[in-house]
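Just below is one structure, and these are the notes that go with it.
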Amino acid sequence: MRIASFTLVGLLCLLPVLGLFAGCEPGGGGRKILNVSYDPTRELYREYNVLFKDHWKKTTGESVEVEQSHAGSGAQMRSVIAGQEADVVTLALGFDIDSIADTGIISPEWQKQFPNNNCPYSTTIVFLVRKGNPHGIRDWDDLLKEGIEIITPNPETSGGARWNYLAAWGFALKKELGDLNVLNDPAKKAEVDAAQVKAKRFVADLFKHVRSMDKGARETTNRFVQNKQGDVLLAWENEAFLSKNILPEDGFEIVVPSISIRCEPPVGIVDKIVEKRGTRDLAEGYLRFLYDKEGQKIVAKNYYRPTDPEVLAEYSEFFPKIELFAIDEVFGGWRKVQAEHFDGPEAIFKQILLENAKAK
Amino acid sequence: MKKTSNNPGTPITEPFWVRCLLIGFAIVFLTVFLLLPLLMIFVKAFSSGMVAYFASLTDPRTAAAVRLTLFSAGIAVPANVIFGIAAAWCLGKFQFWGKSVLLTLIDLPFAVSPVIAGLLFVYLFGLQSSLGAWLDGHHVKILFATPGIVIATMFVTFPFVVRELLPIMQAQGIEEELAARMLGARGWHIFWRVTLPNVKWALLYGVILCNARAMGEFGAVAVVSGGVRSTLPLHIEGLYQDFSSGVHAPFAVASILAMLGVLTLIVKAVVERKTAETED
């Protein structure tokens with residue numbers, strides 16, 4: 001009895017000691033930065049971080065660590081606001097960085113720090129279908145065919161899904177108006193208003209083909225690719241390429257629609273954190289090097305469209321020619337989109353979900 | 001099962017086919033819900049070969065996840081053992097006003113969804129709250145760092161030890177303690193010689209459950225971790241979402257957790273047998 005008690009007490013005492021030893025992080029006194037990013041950039045930044053550490057070591061002689069964190073863009077934005085100490089943020093859309101800037105930890109002028117409005121790469125929205133394209137999907141209209149199940153994340157939590165939604169909306173407008181420049185013509189306001197109503201109808205019909213929505217883009221890709229659910233995945237171009245090339249045995253095809261949206265995921269420095277940790281030069285070097293030829297090549301290899309024209313030309317076979325429209329031209333920028341389509345109880349996306357639920 | 005059916009002392013009135021059906025149902029159920037998933041983990045883990053399997057296990061990120069998991073369990077479990085014994089002793093051996101309120105509070109982590117628990121900590125320690133801002137001003141980092149993970153783990157494993165100890169302590173009452181007191185034993189002496197040995201089985205069982213949950217907790221920890229530091233379950237999810245690590249990788253790491261689970265059961269069986277021997 002006594003032995004048993006001693007064994008027990010001994011075991012209990014051993015546990016924390018074991019844990020405490022195990023908890024000691026091995027070495028590493030160098031500087032460290034954290035890149036808080038969105039969902040599909042895991043592979044891009046894993047590769048880029050290795051390249052950058054090498055480059056930094058060569059140019060400055062200093063060994064540094066780069067940590068990365070990934071989740072849906074909106075969720076990451078909320079973590080940074082709650083106190084996640086990100087030196088740099090690389091999110092899916094400008095509005096998420098604007099939201100962080102609104103709390104004062106990022107300069108309001110953040111989008112002027114780096115070339116091309118802080119967007120070192122762009123991408124677009126395409127369709128991923130199963131081998132042989134059994135449903136003959138060629139363009140946005142085909143998604144509304146009877147019986148097609150569309151896979152997309154939830155626009156309320158996923159940046160990628162918001163781009164999906166806007167791409168579909170833009171297609172419908174273009175179809176009605178013939179030319180998107182009409183949107184800015186005050187003389188044709190009545191025509192534009194009618195087209196907007198039709199576009200809302202189109203997007204609402206599209207979401208009738210969506211059975212369930214995940215929080216982030218990667219969960220959704222896994223659902224389509226690994227769990228084999230659905231007929232068509234609305235995906236980032238980079239995500240579609242990655243799925244197609246990493247799991248080639250399953251066979252997927254990318255369908256490029258007639259028109260899509262130009263997605264420009266921006267990057268930014270979190271001023272308050274880099275001041276606090278003394279990492280401004282490192283964080284700046286990290287983002288600046290993304291625009292370098294070497295950085296741009298990694299970007300292209302991970303199927304993001306590089307902004308450097310030479311690198312883009314070099315990898316041009318990756319990126320199909322596609323008519324792209326910008327969010328600023330068609331929707332008047334992210335703040336307006338958020339206010340009209342997603343935020344608040346009257347938001348158009350919420351109306352669509354409600355109407356679709358009633359129609360069922 | 002055979003023993004009971006051959007034993008004339010326990011008459012079984014059900015016809016043979018009913019017994020077969022029930023046993024068959026139980027076996028099918030166990031296979032589908034316990035054995036197959038466990039098997040799937042190992043099949044998937046080895047799907048890219050032995051070399052790939054061991055490469056995922058020796059990956060530094062996996063090693064870091066194992067360390068963090070042991071670290072947080074290593075703090076959460078002993079802390080909850082001390083708290084659990086104290087609380088169960090207090091609730092089981094004494095009568096006082098507000099006892100049922102305290103009991104309800106202890107059960108709170110069972111009632112609240114772990115994700116909600118994680119969010120509560122985000123709101124409590126986040127920069128938007130005054131406590132969070134104050135801590136940040138004093139360079140104390142809790143959220144999105146190891147302390148947050150430990151706190152979340154402690155929260156969700158809070159009731160395990162108390163809940164195991166309490167029924168036994170209540171059932172045993174205070175007679176033995178009173179007898180020891182009358183024979184001249186003092187506080188700690190009574191505790192080590194009478195109270196603790198009486199509940200050691202329940203305590204061991206509580207520790208095992210508490211430890212299993214501490215190592216396996218996902219929801220609450222996922223919310224407060226911030227995606228940089230990963231415990232084993234978070235690391236497994238991360239690998240599943242990451243295409244560059246291979247399809248087998250999440251399952252290879254999951255096999256560590258599965259083996260930890262099996263190991264826990266073995267340790268429990270061995271200690272049980274050893275204790276039974278010493279008692280005979």
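Going through the structure tokens in order, the chains are called A, B, and so on, while each chain numbers its residues from 1 and the ligands are numbered from 1 in the order shown.
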Worksheet item: Using only C-alpha atoms, which residues sit within 12 Å of Ile269 of chain A once same-chain residues fewer than 2 positions away are excluded, as number ranges by chain?
Response: A: 33-36, 80, 85-91, 97-98, 100-101, 105-114, 118, 266-267, 271-275, 279-288
Fill in: Residues of chain B within 7 Å of chain A, only C-alpha atoms counted, as a list in words
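Close to chain A, chain B has Arg67, Leu68, Leu70, Phe71, Gly74, Ile75, Pro78, Val122, Gly126, Leu127, Gln128, Phe144, Pro197, Gly226, Gly227, Val228, Gln241, Asp242, Ser244, Thr275, Thr278 and Glu279 of chain B.
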Practice prompt. Could you please determine the separation between atom CA of Val255 of chain A and atom CA of Phe224 of chain A in Å, to one decimal place?
Written response: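 Value for the atom CA of Val255 of chain A-atom CA of Phe224 of chain A distance: 15.1 Å.
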Worksheet item: Pick the closest to Glu65 of chain A from A:Ile327, A:Val192, A:Val299, A:Leu51: which is it, counting only C-alpha atoms?
Response: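 Among the listed residues, the smallest separation from Glu65 of chain A belongs to A:Leu51.
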Item to complete: Find, counting only C-alpha atoms, the residue in B:Ala88, B:Ala179, B:Leu165, B:Ala55 that gets nearest to Leu204 of chain B.
Response: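 Residue with the minimum atom-to-atom distance to Leu204 of chain B: B:Leu165.
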Worksheet entry | Point-to-point distance in Å for atom CA of Gly160 of chain A and atom CA of Pro309 of chain A |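 Calculated distance between atom CA of Pro309 of chain A and atom CA of Gly160 of chain A is 24.7 Å.
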Discussion item. For Lys360 of chain A, find every residue with an atom within 12 Å (counting only C-alpha atoms), except residues of its own chain fewer than 6 positions away, and show them as a PyMOL selection string.
Written reply: chain A and resi 208-209+211+353-354
Could you take the residues named above and write them with C-alpha atoms, as a PDB file, in the first residue's frame?
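Saved file part-v4.pdb follows:
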```pdb
ATOM      1  CA  LYS A 208     -28.104  28.281 -54.247  1.00  0.00           C
ATOM      2  CA  HIS A 209     -25.600  25.782 -55.640  1.00  0.00           C
ATOM      3  CA  ARG A 211     -24.338  23.537 -49.916  1.00  0.00           C
ATOM      4  CA  LEU A 353     -28.438  34.043 -47.747  1.00  0.00           C
ATOM      5  CA  LEU A 354     -31.755  34.909 -46.107  1.00  0.00           C
TER       6      LEU A 354
END
```
Worksheet item: Which residue gives the smallest distance to Ala214 of chain B among B:Asn80, B:Thr13, B:Pro60, B:Met169, with only C-alpha atoms counted?
Response: B:Asn80
Within 6 Å of segment 141-156 of chain A: each segment 199-232 of chain A residue with its shortest pair, only C-alpha atoms, as a Markdown table:
```
| residue | atom | partner | partner_atom | distance |
| --- | --- | --- | --- | --- |
| A:Leu206 | CA | A:Leu144 | CA | 5.9 |
| A:His209 | CA | A:Glu149 | CA | 5.2 |
| A:Val210 | CA | A:Ile150 | CA | 5.0 |
| A:Met213 | CA | A:Pro153 | CA | 4.7 |
| A:Asp214 | CA | A:Pro153 | CA | 4.6 |
| A:Lys215 | CA | A:Asn154 | CA | 5.6 |
| A:Gly216 | CA | A:Pro153 | CA | 5.8 |
| A:Ala217 | CA | A:Pro153 | CA | 5.7 |
| A:Thr220 | CA | A:Pro153 | CA | 5.8 |
| A:Gly230 | CA | A:Glu149 | CA | 5.0 |
| A:Asp231 | CA | A:Glu149 | CA | 5.2 |
| A:Val232 | CA | A:Ile150 | CA | 5.1 |
```
Item to complete: Give me, please, the distance in Å between atom CA of Ser230 of chain B and atom CA of Ala64 of chain B, quoted to one decimal.
Response: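 So the two atoms, atom CA of Ser230 of chain B and atom CA of Ala64 of chain B, lie 7.7 Å apart.
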Worksheet entry | Contacts of segment 289-298 of chain A within 7 Å, only C-alpha atoms, excl. fewer than 4 positions in-chain, as a PyMOL selection string | chain A and resi 48+120+285+302+306+308+311
Item to complete: Please provide as a PyMOL selection string all residues within 12 Å of Ala252 of chain B, with the sequence filter that same-chain residues fewer than 6 positions apart are discarded (counting only C-alpha atoms).
Response: chain B and resi 40-59+62+232+235-237+239-240+245-246+258-259
Worksheet entry | 10 Å contact set for Phe110 of chain B, only C-alpha atoms, chain neighbours under 5 positions out, as a PyMOL selection string | chain B and resi 105+155-160
Expected file: the selected residues, C-alpha atoms, as a PDB file, in the first residue's frame:
```pdb
ATOM      1  CA  LEU B 105     -18.614  26.664 -11.137  1.00  0.00           C
ATOM      2  CA  PHE B 155      -9.238  25.592 -18.075  1.00  0.00           C
ATOM      3  CA  VAL B 156     -10.580  22.708 -20.139  1.00  0.00           C
ATOM      4  CA  THR B 157      -9.017  20.027 -17.899  1.00  0.00           C
ATOM      5  CA  PHE B 158     -10.142  21.747 -14.699  1.00  0.00           C
ATOM      6  CA  PRO B 159     -12.976  19.422 -13.593  1.00  0.00           C
ATOM      7  CA  PHE B 160     -11.453  16.009 -14.371  1.00  0.00           C
TER       8      PHE B 160
END
```
Discussion item. When you count only C-alpha atoms, which of these residues is closest to Ser72 of chain B: B:Leu91, B:Leu36, B:Leu22, B:Ile149?
Written reply: B:Ile149
